[in-house]
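Written out below as structure tokens is the structure these notes cover.
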Amino acid sequence: LGIDITDQKKQNLDYEAQLDALNKNNLKIEYNPDGSIIETNTRFLEISEIPKEKLEDYNVYSFIEEGAENSFKKVWHNILKGIPYETQFKLVTASGKEKWIEGTYNTVNDMYGDVSKVIYLAGDITSRKMVEIENERQTLLLKQQEEQLRKQQEEIAQQHAEFEEKTQHHIQEIESVKVRNEKTLEGALDAIVTINQ
């Protein structure tokens, strides 16, 4: 007695090919519901430079920004309820390089409907993130330069106003002396002679 399993075999090969493609292009971490790591794919190990035998020293909180552990506990609680969570985080590799990872946490349920594990599928977005960080830095620098330029323009405008005021005052003084001299000369009965040095 035999059963034709050709279609099932084709479907299995298709699933295997899809999983292989996912593993080649994405980082994958599988967590227990308590947050400990079950396993990761080779792509994650390559990016993080974490030796496979050292994985047991890490858990889901190892990749959370320092000081954000408490807020992530609430997020993890929601993930375990079946609510997917998309996030990005900075990963410092074993050699000290900064890598940026972006992905989504999803749960896998067993046949009883309980969460058996959480899978984090992600991509390496380091080059994109570096461009974003550089753009933010350049924007901040431009804002600082604009502020400096605005202050300089205000100072120049103030100096110009002060100079105009002094010039106007000086012109008025000269005009006053000129008028006084003219009136003195016009009203004088005696001859007036001026000489140089």
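Labels for the structure tokens follow display order: chains A, B, ..., residues from 1 in each chain, ligands from 1.
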
Neighbouring residues of A:Leu55 were defined as those with any atom within 9 Å, considering only C-alpha atoms; residues of the same chain fewer than 4 positions away were excluded. Please report them as a compact mmCIF listing (two decimals) with all heavy atoms, in the first residue's frame.
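This is the output file around-v3.txt:
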# COMPACT_ATOMS: atom_id res chain seq x y z
N ILE A 37 16.98 33.38 25.59
CA ILE A 37 17.13 33.06 24.17
C ILE A 37 17.12 31.54 23.97
O ILE A 37 17.85 30.81 24.64
CB ILE A 37 18.44 33.66 23.61
CG1 ILE A 37 18.36 35.18 23.63
CG2 ILE A 37 18.71 33.17 22.19
CD1 ILE A 37 19.62 35.90 23.19
N ILE A 38 16.28 31.09 23.03
CA ILE A 38 16.27 29.67 22.66
C ILE A 38 17.37 29.44 21.62
O ILE A 38 18.25 28.61 21.81
CB ILE A 38 14.89 29.26 22.07
CG1 ILE A 38 13.78 29.49 23.08
CG2 ILE A 38 14.93 27.80 21.62
CD1 ILE A 38 12.38 29.35 22.52
N GLU A 39 17.29 30.21 20.54
CA GLU A 39 18.32 30.14 19.50
C GLU A 39 18.24 31.35 18.59
O GLU A 39 17.25 32.10 18.62
CB GLU A 39 18.19 28.84 18.69
CG GLU A 39 16.94 28.75 17.84
CD GLU A 39 16.96 27.54 16.91
OE1 GLU A 39 18.02 26.91 16.76
OE2 GLU A 39 15.90 27.24 16.35
N THR A 40 19.29 31.52 17.78
CA THR A 40 19.32 32.60 16.79
C THR A 40 19.81 31.99 15.48
O THR A 40 20.39 30.90 15.48
CB THR A 40 20.28 33.73 17.19
OG1 THR A 40 21.62 33.23 17.14
CG2 THR A 40 19.98 34.26 18.57
N ILE A 50 28.41 37.70 18.51
CA ILE A 50 28.29 36.94 19.76
C ILE A 50 28.57 35.47 19.45
O ILE A 50 27.91 34.89 18.58
CB ILE A 50 26.87 37.08 20.37
CG1 ILE A 50 26.58 38.54 20.70
CG2 ILE A 50 26.71 36.21 21.61
CD1 ILE A 50 25.13 38.82 21.10
N PRO A 51 29.52 34.84 20.16
CA PRO A 51 29.75 33.40 19.93
C PRO A 51 28.52 32.60 20.37
O PRO A 51 27.86 32.95 21.36
CB PRO A 51 30.95 33.09 20.83
CG PRO A 51 31.54 34.41 21.20
CD PRO A 51 30.44 35.40 21.13
N ASN A 59 19.60 37.76 27.18
CA ASN A 59 18.15 37.60 27.13
C ASN A 59 17.56 38.81 26.40
O ASN A 59 18.31 39.66 25.91
CB ASN A 59 17.55 37.44 28.53
CG ASN A 59 17.84 38.64 29.42
OD1 ASN A 59 17.78 39.78 28.99
ND2 ASN A 59 18.18 38.37 30.67

Original post:
So how many Å separate atom CA of A:Val75 and atom CA of A:Val108, to one decimal?
Top reply: 16.5 Å

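Nearest-residue note for A:Asp124: choosing from A:Asp190, A:Glu146, A:Asp14, A:Glu46, the minimum distance belongs to A:Glu46, counting only C-alpha atoms.
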
Subject >> Option closest in space to A:Thr104, from A:Ala161, A:Val92, A:Ala122, A:Leu1 [counting only C-alpha atoms] >> reply: A:Ala122

Original post:
stretch 9-59 of chain A: which residues are alpha helix (DSSP H) by DSSP, as number ranges by chain?
Top reply: A: 9-25, 42-48

**OP:** Would you please work out which residue, of A:Gln152, A:Asn78, A:Ser127, A:Gln145, is nearest to A:Thr107 when using only C-alpha atoms?
**Re:** A:Asn78

Using only C-alpha atoms, which residues sit within 7 Å of A:Tyr31 once same-chain residues fewer than 4 positions away are excluded, as a JSON list (two decimals) with C-alpha atoms, in the first residue's frame?
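Listed below is the output, around21.json:
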[["chain", "number", "residue", "atom", "x", "y", "z"],
["A", 35, "GLY", "CA", 12.82, 36.31, 27.75],
["A", 36, "SER", "CA", 15.75, 33.87, 27.61],
["A", 37, "ILE", "CA", 17.13, 33.06, 24.17],
["A", 38, "ILE", "CA", 16.27, 29.67, 22.66],
["A", 117, "LYS", "CA", 8.03, 31.17, 22.04],
["A", 118, "VAL", "CA", 8.50, 34.70, 20.73],
["A", 119, "ILE", "CA", 10.26, 35.24, 17.42]]

**OP:** Pick out each residue of chain A that DSSP on the backbone tags as strand (DSSP E or B); I need them as a VMD selection string.
**Re:** chain A and resid 27 to 31 36 to 40 59 85 to 92 98 to 109 115 to 124

Residues from last step as file, N, CA and C atoms, as a compact mmCIF listing (two decimals), in the first residue's frame:
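Heads up, here's the output in selection_21.txt:
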# COMPACT_ATOMS: atom_id res chain seq x y z
N LEU A 27 17.63 38.79 10.40
CA LEU A 27 18.15 38.30 11.67
C LEU A 27 16.98 37.68 12.41
N LYS A 28 17.21 36.56 13.06
CA LYS A 28 16.13 35.90 13.78
C LYS A 28 16.61 35.49 15.17
N ILE A 29 15.81 35.88 16.17
CA ILE A 29 16.08 35.45 17.54
C ILE A 29 14.80 34.81 18.06
N GLU A 30 14.92 33.63 18.64
CA GLU A 30 13.78 32.97 19.26
C GLU A 30 13.95 33.03 20.77
N TYR A 31 12.89 33.53 21.45
CA TYR A 31 12.91 33.69 22.90
C TYR A 31 11.91 32.76 23.57
N SER A 36 14.44 34.50 27.91
CA SER A 36 15.75 33.87 27.61
C SER A 36 15.78 33.44 26.14
N ILE A 37 16.98 33.38 25.59
CA ILE A 37 17.13 33.06 24.17
C ILE A 37 17.12 31.54 23.97
N ILE A 38 16.28 31.09 23.03
CA ILE A 38 16.27 29.67 22.66
C ILE A 38 17.37 29.44 21.62
N GLU A 39 17.29 30.21 20.54
CA GLU A 39 18.32 30.14 19.50
C GLU A 39 18.24 31.35 18.59
N THR A 40 19.29 31.52 17.78
CA THR A 40 19.32 32.60 16.79
C THR A 40 19.81 31.99 15.48
N ASN A 59 19.60 37.76 27.18
CA ASN A 59 18.15 37.60 27.13
C ASN A 59 17.56 38.81 26.40
N TYR A 85 4.96 43.67 18.17
CA TYR A 85 5.62 44.92 18.55
C TYR A 85 6.81 45.16 17.63
N GLU A 86 6.78 46.32 16.96
CA GLU A 86 7.86 46.68 16.05
C GLU A 86 8.77 47.68 16.74
N THR A 87 10.07 47.45 16.64
CA THR A 87 11.01 48.34 17.32
C THR A 87 12.36 48.32 16.62
N GLN A 88 13.20 49.29 16.98
CA GLN A 88 14.59 49.28 16.53
C GLN A 88 15.48 49.55 17.72
N PHE A 89 16.67 48.97 17.69
CA PHE A 89 17.59 49.18 18.80
C PHE A 89 19.04 49.18 18.30
N LYS A 90 19.88 49.81 19.14
CA LYS A 90 21.31 49.86 18.82
C LYS A 90 21.98 48.65 19.48
N LEU A 91 22.75 47.94 18.69
CA LEU A 91 23.45 46.76 19.18
C LEU A 91 24.95 47.04 19.09
N VAL A 92 25.64 46.93 20.22
CA VAL A 92 27.09 47.09 20.22
C VAL A 92 27.69 45.70 20.08
N GLU A 98 28.94 49.77 16.36
CA GLU A 98 27.52 50.05 16.57
C GLU A 98 26.73 49.55 15.37
N LYS A 99 25.73 48.73 15.63
CA LYS A 99 24.83 48.25 14.59
C LYS A 99 23.41 48.61 15.00
N TRP A 100 22.58 48.93 14.01
CA TRP A 100 21.18 49.25 14.28
C TRP A 100 20.31 48.17 13.66
N ILE A 101 19.39 47.65 14.49
CA ILE A 101 18.53 46.55 14.09
C ILE A 101 17.08 47.02 14.19
N GLU A 102 16.26 46.67 13.18
CA GLU A 102 14.83 46.99 13.21
C GLU A 102 14.04 45.75 12.86
N GLY A 103 13.03 45.46 13.70
CA GLY A 103 12.23 44.27 13.44
C GLY A 103 10.97 44.21 14.27
N THR A 104 10.34 43.03 14.25
CA THR A 104 9.05 42.84 14.92
C THR A 104 9.07 41.58 15.77
N TYR A 105 8.50 41.71 16.97
CA TYR A 105 8.31 40.56 17.86
C TYR A 105 6.93 39.95 17.56
N ASN A 106 6.89 38.63 17.37
CA ASN A 106 5.64 37.91 17.17
C ASN A 106 5.65 36.64 18.01
N THR A 107 4.48 36.23 18.48
CA THR A 107 4.40 35.02 19.29
C THR A 107 4.09 33.81 18.43
N VAL A 108 4.52 32.64 18.92
CA VAL A 108 4.17 31.35 18.31
C VAL A 108 3.44 30.57 19.40
N ASN A 109 2.24 30.10 19.09
CA ASN A 109 1.43 29.38 20.07
C ASN A 109 1.52 27.87 19.85
N VAL A 115 1.47 30.51 24.56
CA VAL A 115 2.67 31.01 23.88
C VAL A 115 3.82 30.05 24.16
N SER A 116 4.37 29.48 23.07
CA SER A 116 5.50 28.57 23.24
C SER A 116 6.83 29.30 23.08
N LYS A 117 6.82 30.36 22.23
CA LYS A 117 8.03 31.17 22.04
C LYS A 117 7.68 32.48 21.37
N VAL A 118 8.63 33.41 21.41
CA VAL A 118 8.50 34.70 20.73
C VAL A 118 9.62 34.78 19.71
N ILE A 119 9.25 35.11 18.48
CA ILE A 119 10.26 35.24 17.42
C ILE A 119 10.44 36.71 17.08
N TYR A 120 11.70 37.13 17.05
CA TYR A 120 12.04 38.51 16.63
C TYR A 120 12.70 38.41 15.27
N LEU A 121 12.00 38.87 14.23
CA LEU A 121 12.54 38.91 12.87
C LEU A 121 12.94 40.35 12.57
N ALA A 122 14.17 40.54 12.13
CA ALA A 122 14.67 41.91 11.97
C ALA A 122 15.62 42.03 10.79
N GLY A 123 15.95 43.26 10.48
CA GLY A 123 16.92 43.57 9.44
C GLY A 123 17.98 44.52 9.97
N ASP A 124 19.14 44.50 9.34
CA ASP A 124 20.24 45.40 9.71
C ASP A 124 20.01 46.73 8.98
